[in-house]
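What follows is start-v4.txt (compact mmCIF, N, CA and C atoms).
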```txt
# COMPACT_ATOMS: atom_id res chain seq x y z
N MET K 24 67.45 44.21 7.53
CA MET K 24 66.23 44.30 8.31
C MET K 24 65.16 43.39 7.71
N THR K 25 64.35 42.81 8.54
CA THR K 25 63.25 41.99 8.07
C THR K 25 61.98 42.83 7.96
N ILE K 26 60.96 42.25 7.37
CA ILE K 26 59.71 42.99 7.16
C ILE K 26 59.06 43.37 8.49
N GLY K 27 59.10 42.51 9.47
CA GLY K 27 58.47 42.77 10.75
C GLY K 27 59.34 43.55 11.72
N ASP K 28 60.46 44.09 11.25
CA ASP K 28 61.38 44.80 12.12
C ASP K 28 60.75 46.11 12.59
N PRO K 29 60.68 46.35 13.91
CA PRO K 29 60.05 47.57 14.41
C PRO K 29 60.82 48.84 14.05
N GLY K 30 62.10 48.72 13.69
CA GLY K 30 62.87 49.90 13.34
C GLY K 30 62.61 50.40 11.94
N GLN K 31 61.92 49.60 11.13
CA GLN K 31 61.64 49.97 9.74
C GLN K 31 60.18 50.40 9.62
N PRO K 32 59.93 51.61 9.12
CA PRO K 32 58.54 52.04 8.98
C PRO K 32 57.83 51.21 7.91
N ARG K 33 56.58 50.89 8.18
CA ARG K 33 55.79 50.09 7.25
C ARG K 33 55.22 51.00 6.17
N THR K 34 55.25 50.54 4.95
CA THR K 34 54.70 51.33 3.86
C THR K 34 53.59 50.54 3.16
N ASP K 35 52.54 51.23 2.83
CA ASP K 35 51.41 50.63 2.12
C ASP K 35 51.31 51.21 0.71
N ARG K 36 52.43 51.57 0.13
CA ARG K 36 52.43 52.23 -1.16
C ARG K 36 52.69 51.26 -2.31
N SER K 37 52.06 50.13 -2.27
CA SER K 37 52.21 49.16 -3.34
C SER K 37 51.23 49.49 -4.47
N PRO K 38 51.68 49.38 -5.72
CA PRO K 38 50.75 49.63 -6.83
C PRO K 38 49.60 48.60 -6.89
N TRP K 39 49.77 47.46 -6.24
CA TRP K 39 48.70 46.46 -6.21
C TRP K 39 47.48 46.98 -5.47
N ASN K 40 47.66 47.92 -4.57
CA ASN K 40 46.53 48.45 -3.80
C ASN K 40 45.50 49.17 -4.68
N TRP K 41 45.92 49.64 -5.84
CA TRP K 41 45.00 50.31 -6.75
C TRP K 41 43.91 49.37 -7.26
N LEU K 42 44.17 48.06 -7.25
CA LEU K 42 43.15 47.11 -7.68
C LEU K 42 41.95 47.08 -6.75
N LEU K 43 42.12 47.55 -5.52
CA LEU K 43 41.00 47.56 -4.58
C LEU K 43 39.91 48.55 -4.97
N ILE K 44 40.18 49.40 -5.92
CA ILE K 44 39.16 50.33 -6.41
C ILE K 44 38.10 49.59 -7.23
N VAL K 45 38.51 48.50 -7.88
CA VAL K 45 37.59 47.76 -8.76
C VAL K 45 36.33 47.29 -8.03
N PRO K 46 36.44 46.58 -6.88
CA PRO K 46 35.19 46.14 -6.23
C PRO K 46 34.39 47.28 -5.59
N ILE K 47 34.97 48.45 -5.48
CA ILE K 47 34.23 49.60 -4.95
C ILE K 47 33.44 50.28 -6.06
N VAL K 48 34.08 50.46 -7.21
CA VAL K 48 33.46 51.19 -8.31
C VAL K 48 32.48 50.32 -9.11
N LEU K 49 32.77 49.05 -9.26
CA LEU K 49 31.95 48.17 -10.10
C LEU K 49 30.47 48.16 -9.71
N PRO K 50 30.11 48.02 -8.43
CA PRO K 50 28.68 48.06 -8.10
C PRO K 50 28.04 49.44 -8.26
N LEU K 51 28.84 50.48 -8.37
CA LEU K 51 28.29 51.82 -8.56
C LEU K 51 27.87 52.10 -9.99
N LEU K 52 28.28 51.25 -10.91
CA LEU K 52 27.94 51.40 -12.32
C LEU K 52 26.58 50.76 -12.58
N THR K 53 25.52 51.52 -12.29
CA THR K 53 24.17 50.95 -12.33
C THR K 53 23.73 50.55 -13.73
N PHE K 54 24.32 51.12 -14.76
CA PHE K 54 23.91 50.75 -16.12
C PHE K 54 24.26 49.30 -16.44
N LEU K 55 25.11 48.67 -15.62
CA LEU K 55 25.46 47.27 -15.84
C LEU K 55 24.32 46.33 -15.46
N TYR K 56 23.52 46.70 -14.47
CA TYR K 56 22.52 45.76 -13.96
C TYR K 56 21.13 46.37 -13.82
N ASN K 57 20.84 47.41 -14.54
CA ASN K 57 19.54 48.04 -14.48
C ASN K 57 18.57 47.40 -15.48
N PHE K 58 18.52 46.06 -15.46
CA PHE K 58 17.66 45.31 -16.37
C PHE K 58 16.99 44.19 -15.60
N ASP K 59 15.84 43.75 -16.11
CA ASP K 59 15.16 42.61 -15.53
C ASP K 59 15.62 41.31 -16.19
N GLU K 60 15.96 41.38 -17.43
CA GLU K 60 16.43 40.21 -18.19
C GLU K 60 17.93 40.32 -18.38
N PRO K 61 18.66 39.31 -18.55
CA PRO K 61 18.29 37.90 -18.58
C PRO K 61 18.09 37.38 -17.17
N ARG K 62 17.42 36.28 -17.07
CA ARG K 62 17.18 35.63 -15.79
C ARG K 62 17.99 34.35 -15.71
N LEU K 63 18.47 34.06 -14.52
CA LEU K 63 19.24 32.84 -14.28
C LEU K 63 18.55 32.10 -13.14
N PHE K 64 18.04 30.92 -13.41
CA PHE K 64 17.26 30.13 -12.45
C PHE K 64 16.08 30.92 -11.89
N GLY K 65 15.50 31.78 -12.71
CA GLY K 65 14.35 32.57 -12.31
C GLY K 65 14.67 33.87 -11.61
N PHE K 66 15.93 34.12 -11.31
CA PHE K 66 16.33 35.35 -10.63
C PHE K 66 16.72 36.41 -11.66
N PRO K 67 16.30 37.66 -11.46
CA PRO K 67 16.67 38.73 -12.39
C PRO K 67 18.18 39.00 -12.36
N LEU K 68 18.63 39.68 -13.38
CA LEU K 68 20.05 40.01 -13.55
C LEU K 68 20.64 40.67 -12.31
N PHE K 69 19.87 41.58 -11.68
CA PHE K 69 20.37 42.31 -10.52
C PHE K 69 20.88 41.39 -9.43
N TYR K 70 20.13 40.34 -9.12
CA TYR K 70 20.48 39.48 -7.99
C TYR K 70 21.72 38.65 -8.27
N TRP K 71 21.79 38.02 -9.43
CA TRP K 71 22.97 37.18 -9.66
C TRP K 71 24.20 38.01 -9.98
N LEU K 72 24.01 39.24 -10.46
CA LEU K 72 25.17 40.11 -10.67
C LEU K 72 25.72 40.61 -9.34
N GLN K 73 24.87 40.77 -8.33
CA GLN K 73 25.36 41.14 -7.01
C GLN K 73 26.24 40.04 -6.42
N ILE K 74 25.86 38.79 -6.65
CA ILE K 74 26.70 37.67 -6.21
C ILE K 74 28.03 37.69 -6.96
N ALA K 75 27.98 38.01 -8.24
CA ALA K 75 29.22 38.11 -9.03
C ALA K 75 30.11 39.23 -8.50
N PHE K 76 29.51 40.35 -8.07
CA PHE K 76 30.30 41.45 -7.49
C PHE K 76 30.99 41.00 -6.21
N ILE K 77 30.32 40.19 -5.42
CA ILE K 77 30.94 39.68 -4.19
C ILE K 77 32.14 38.80 -4.54
N ILE K 78 31.98 37.94 -5.53
CA ILE K 78 33.07 37.07 -5.95
C ILE K 78 34.25 37.88 -6.48
N VAL K 79 33.97 38.92 -7.25
CA VAL K 79 35.04 39.79 -7.76
C VAL K 79 35.74 40.49 -6.60
N GLY K 80 34.98 40.96 -5.62
CA GLY K 80 35.57 41.63 -4.46
C GLY K 80 36.47 40.72 -3.65
N VAL K 81 36.01 39.49 -3.42
CA VAL K 81 36.82 38.54 -2.66
C VAL K 81 38.08 38.18 -3.44
N GLY K 82 37.92 37.95 -4.74
CA GLY K 82 39.08 37.60 -5.57
C GLY K 82 40.10 38.72 -5.63
N THR K 83 39.62 39.95 -5.79
CA THR K 83 40.53 41.10 -5.85
C THR K 83 41.25 41.31 -4.52
N THR K 84 40.51 41.21 -3.43
CA THR K 84 41.12 41.38 -2.11
C THR K 84 42.16 40.30 -1.84
N THR K 85 41.85 39.07 -2.22
CA THR K 85 42.80 37.97 -2.03
C THR K 85 44.06 38.19 -2.86
N LEU K 86 43.88 38.61 -4.11
CA LEU K 86 45.03 38.86 -4.98
C LEU K 86 45.92 39.97 -4.42
N VAL K 87 45.32 41.07 -4.00
CA VAL K 87 46.10 42.19 -3.45
C VAL K 87 46.81 41.76 -2.17
N TYR K 88 46.13 40.99 -1.32
CA TYR K 88 46.75 40.53 -0.08
C TYR K 88 47.98 39.67 -0.38
N ARG K 89 47.83 38.74 -1.30
CA ARG K 89 48.93 37.84 -1.61
C ARG K 89 50.10 38.55 -2.29
N MET K 90 49.82 39.54 -3.10
CA MET K 90 50.88 40.24 -3.81
C MET K 90 51.60 41.27 -2.94
N THR K 91 50.95 41.73 -1.87
CA THR K 91 51.59 42.72 -1.00
C THR K 91 52.08 42.12 0.31
N LYS K 92 51.95 40.83 0.46
CA LYS K 92 52.33 40.16 1.70
C LYS K 92 53.83 40.15 1.89
```

Let me see the structure of the file written as structure tokens.
Amino acid sequence: MTIGDPGQPRTDRSPWNWLLIVPIVLPLLTFLYNFDEPRLFGFPLFYWLQIAFIIVGVGTTTLVYRMTK
């Protein structure tokens, strides 16, 4: 049977899916970015760390997609 075979039930039980918790939990850890300093190009830590969280989320989602494809 092939992966797209309708006779085979699809399973989403890959251990790679656990990595998707990282971009969900990381922004909830407020002690990581509850500071005004350091500043990058005049922007406080909070703003550029939010951009970093987006990059981590995209990277994690891409990795999980490719590994479970």

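Using only N, CA and C atoms, the shortest contact distance between Phe69 of chain K and any of K:Ile47, K:Leu55, K:Ser37, K:Tyr88 is found at K:Leu55.
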
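Using only N, CA and C atoms, the nearest neighbour of Phe76 of chain K within the list K:Pro46, K:Pro61, K:Arg89, K:Phe54 is K:Pro46.
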
Given the point (19.2, 41.4, -12.5) in the file's coordinates, find the residues that have an atom at most 6 Å from it, counting only C-alpha atoms, and give them as a list of chain:residue names.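 Those residues, ordered by chain and then number, are K:Tyr56, K:Phe58, K:Asp59, K:Pro67, K:Leu68, K:Phe69, K:Tyr70.
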
Backbone-only DSSP, helix (DSSP H, G or I) members of chain K, as a ChimeraX atom specification: /K:38-51,53-55,68-91

Gap from atom CA of Gly80 of chain K to atom CA of Gly65 of chain K - Å, one decimal: 24.4 Å

Which one is closest to Leu42 of chain K: K:Gly82, K:Glu60, K:Ile74, K:Val87? Count only C-alpha atoms.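 Nearest candidate to Leu42 of chain K out of K:Gly82, K:Glu60, K:Ile74, K:Val87: K:Val87.
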
In Å, how far is it from atom N of Trp71 of chain K to atom C of Asn57 of chain K?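 Going from atom N of Trp71 of chain K over to atom C of Asn57 of chain K, I get 11.6 Å.
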
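Atom C of Ile78 of chain K is positioned 12.0 Å from atom CA of Leu43 of chain K.
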